[in-house]
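Note sheet for the following structure.
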Amino acid sequence: MPKPFYDTDSFDGGRSIGYLIRRCHAKMMPQVEARFVDAELTFSQWVVLMSLRDKAAGTCADIARNMNHDTGAVTRLVDQLEKRGLVARTRSTSDRRVVHLKLLPAGKKMAKALIPRIVDFWNGVLADFSRAEAARLIKLLTRLDQRLDGPSMPAAKRKKANL
């Protein structure tokens with residue numbers, strides 16, 4: 001078993017992965033939102049379209065979880081997108097409580113048209129990273145994201161620790 005990375009005696013909050021990710025997010029959001037000031041959509045509306053395009057979400061609840069927004073806020077975003085003819089709602093045939101979202105052709109076109117703004121942003125941020133470093137960062141963050149979806153310890157270790 002590998003030695004744990006952090007220990008209580010030398011823990012430095014400024015080197016905590018959670019703190020660093022939160023800090024990066026806080027710095028990123030105003031910058032990406034600023035790139036959408038003159039766009040037909042807000043950054044948040046674009047994220048909804050991209051979530052549907054990339055099949056990362058299919059309902060308001062899915063989008064709310066992915067964006068870490070409350071469902072009411074996401075519902076209002078979807079209302080705006082639906083009024084503009086970019087998304088459509090359809091009630092589930094198997095569960096009336098579920099409303100599926102579909103990206104319409106105009107929504108696909110709008111999402112695609114705004115991708116260069118984010119591509120330019122991230123290319124600028126990653127300019128001092130090699131391709132290998134950027135790929136490794138993405139791979140590690142993806143792995144961390146997947147790890148955070150599951151239990152913090154494998155079942156055998158939880159049982160042994162009586163957790």
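Ligands are numbered from 1 in the order shown, chains are lettered A, B, ... in the order of the structure tokens, and residues start at 1 in each chain.
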
> Near Ile17 in chain A, counting only C-alpha atoms, which residues have an atom at most 12 Å away, once you skip same-chain residues fewer than 2 positions from it, shown as a VMD selection string?
Replying inline: chain A and resid 5 to 6 11 to 15 19 to 24 140 to 141 144 to 145

Put those residues in a file: C-alpha atoms, as a PDB file, in the first residue's frame.
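For reference, part-v2.pdb as written:
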```pdb
ATOM      1  CA  PHE A   5       0.317  11.887   0.279  1.00  0.00           C
ATOM      2  CA  TYR A   6      -1.005  14.159   3.053  1.00  0.00           C
ATOM      3  CA  PHE A  11      -0.840  19.507   5.970  1.00  0.00           C
ATOM      4  CA  ASP A  12      -0.794  22.848   4.142  1.00  0.00           C
ATOM      5  CA  GLY A  13      -4.260  24.014   3.094  1.00  0.00           C
ATOM      6  CA  GLY A  14      -2.772  25.991   0.217  1.00  0.00           C
ATOM      7  CA  ARG A  15      -1.513  22.725  -1.296  1.00  0.00           C
ATOM      8  CA  TYR A  19      -8.424  24.287  -2.455  1.00  0.00           C
ATOM      9  CA  LEU A  20      -6.398  24.499  -5.673  1.00  0.00           C
ATOM     10  CA  ILE A  21      -9.269  23.244  -7.850  1.00  0.00           C
ATOM     11  CA  ARG A  22     -11.692  25.674  -6.197  1.00  0.00           C
ATOM     12  CA  ARG A  23      -9.226  28.542  -6.648  1.00  0.00           C
ATOM     13  CA  CYS A  24      -8.728  27.702 -10.332  1.00  0.00           C
ATOM     14  CA  LEU A 140      -5.325  13.122 -13.947  1.00  0.00           C
ATOM     15  CA  LEU A 141      -8.323  15.418 -13.477  1.00  0.00           C
ATOM     16  CA  LEU A 144      -9.812  12.355  -9.896  1.00  0.00           C
ATOM     17  CA  ASP A 145     -13.354  13.109 -11.092  1.00  0.00           C
TER      18      ASP A 145
END
```

>> Which residues are near Arg53 in chain A? Cut-off 10 Å, only C-alpha atoms, ignore same chain within fewer than 5 positions. Put them as a ChimeraX atom specification.
In response: /A:47-48,58,102-104,107-108,111-112

Write the residues you've just listed into a file as a PDB file, in the first residue's frame, and include C-alpha atoms for each of them.
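The file below, again02.pdb, is the result:
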```pdb
ATOM      1  CA  VAL A  47     -22.777  25.003 -20.986  1.00  0.00           C
ATOM      2  CA  VAL A  48     -26.345  23.648 -21.008  1.00  0.00           C
ATOM      3  CA  GLY A  58     -30.531  14.647 -20.634  1.00  0.00           C
ATOM      4  CA  LYS A 102     -33.315  17.551 -26.704  1.00  0.00           C
ATOM      5  CA  LEU A 103     -30.852  19.810 -28.442  1.00  0.00           C
ATOM      6  CA  LEU A 104     -32.485  21.193 -31.577  1.00  0.00           C
ATOM      7  CA  GLY A 107     -29.008  24.791 -30.561  1.00  0.00           C
ATOM      8  CA  LYS A 108     -26.342  22.557 -32.100  1.00  0.00           C
ATOM      9  CA  ALA A 111     -23.162  25.644 -29.410  1.00  0.00           C
ATOM     10  CA  LYS A 112     -20.692  24.949 -32.209  1.00  0.00           C
TER      11      LYS A 112
END
```

> Which parts of chain A does DSSP call helix (DSSP H, G or I) when run on the backbone here, written out as JSON, numbers by chain?
Replying inline: {"A": [13, 14, 15, 17, 18, 19, 20, 21, 22, 23, 24, 25, 26, 27, 28, 29, 30, 31, 32, 33, 34, 43, 44, 45, 46, 47, 48, 49, 50, 51, 52, 53, 60, 61, 62, 63, 64, 65, 66, 67, 71, 72, 73, 74, 75, 76, 77, 78, 79, 80, 81, 82, 83, 105, 106, 107, 108, 109, 110, 111, 112, 113, 114, 115, 116, 117, 118, 119, 120, 121, 122, 123, 124, 125, 131, 132, 133, 134, 135, 136, 137, 138, 139, 140, 141, 142, 143, 144, 145, 146, 147, 148, 149, 155, 156, 157, 158, 159, 160]}

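Residue nearest Ala113 in chain A within the list A:Pro151, A:Arg65, A:Arg91, A:Trp46: A:Trp46 [criterion: smallest interatomic distance, only C-alpha atoms].
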
> Using the chain letters and numbers from this document, which residues of range 3-160 of chain A does DSSP assign to strand (DSSP E), as a list in words?
Replying inline: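 Of range 3-160 of chain A, only Val87, Ala88, Arg89, Thr90, Arg91, Val99, His100, Leu101, Lys102 and Leu103 of chain A fall in strand (DSSP E).
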
Go ahead and save the residues from that selection, with N, CA and C atoms, as a short mmCIF file (atom, residue, chain, number, x, y, z; two decimals), in the first residue's frame.
```cif
data_model
loop_
_atom_site.label_atom_id
_atom_site.label_comp_id
_atom_site.auth_asym_id
_atom_site.auth_seq_id
_atom_site.Cartn_x
_atom_site.Cartn_y
_atom_site.Cartn_z
N VAL A 87 -33.60 24.31 -27.61
CA VAL A 87 -33.84 23.00 -26.97
C VAL A 87 -35.34 22.74 -26.93
N ALA A 88 -35.68 21.47 -26.78
CA ALA A 88 -37.09 21.07 -26.64
C ALA A 88 -37.21 20.14 -25.46
N ARG A 89 -38.36 20.19 -24.83
CA ARG A 89 -38.66 19.30 -23.71
C ARG A 89 -39.65 18.24 -24.18
N THR A 90 -39.45 17.00 -23.72
CA THR A 90 -40.42 15.94 -23.97
C THR A 90 -40.59 15.14 -22.69
N ARG A 91 -41.82 14.89 -22.33
CA ARG A 91 -42.10 14.13 -21.12
C ARG A 91 -41.81 12.65 -21.37
N VAL A 99 -38.71 14.85 -17.44
CA VAL A 99 -38.80 15.61 -18.69
C VAL A 99 -37.42 15.57 -19.34
N HIS A 100 -37.36 14.98 -20.52
CA HIS A 100 -36.11 14.88 -21.26
C HIS A 100 -35.89 16.15 -22.07
N LEU A 101 -34.62 16.48 -22.25
CA LEU A 101 -34.25 17.65 -23.05
C LEU A 101 -33.59 17.18 -24.33
N LYS A 102 -33.91 17.88 -25.41
CA LYS A 102 -33.32 17.55 -26.70
C LYS A 102 -32.73 18.81 -27.30
N LEU A 103 -31.50 18.70 -27.77
CA LEU A 103 -30.85 19.81 -28.44
C LEU A 103 -31.37 19.88 -29.87
#
```

>> Rounded to one decimal, what separation in Å do you get between CA of Val74 in chain A and CA of Met50 in chain A?
In response: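 Between these atoms lies a distance of 13.7 Å.
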
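Minimum atom-to-atom distance to Thr75 in chain A, evaluated using only C-alpha atoms, belongs to A:Ser44 out of A:Asn123, A:Ser130, A:Gln31, A:Ser44.
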
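Using only C-alpha atoms, the smallest distance between any of A:Asp70, A:Asp9, A:Glu82, A:Asp62 and Gln45 in chain A comes from A:Glu82.
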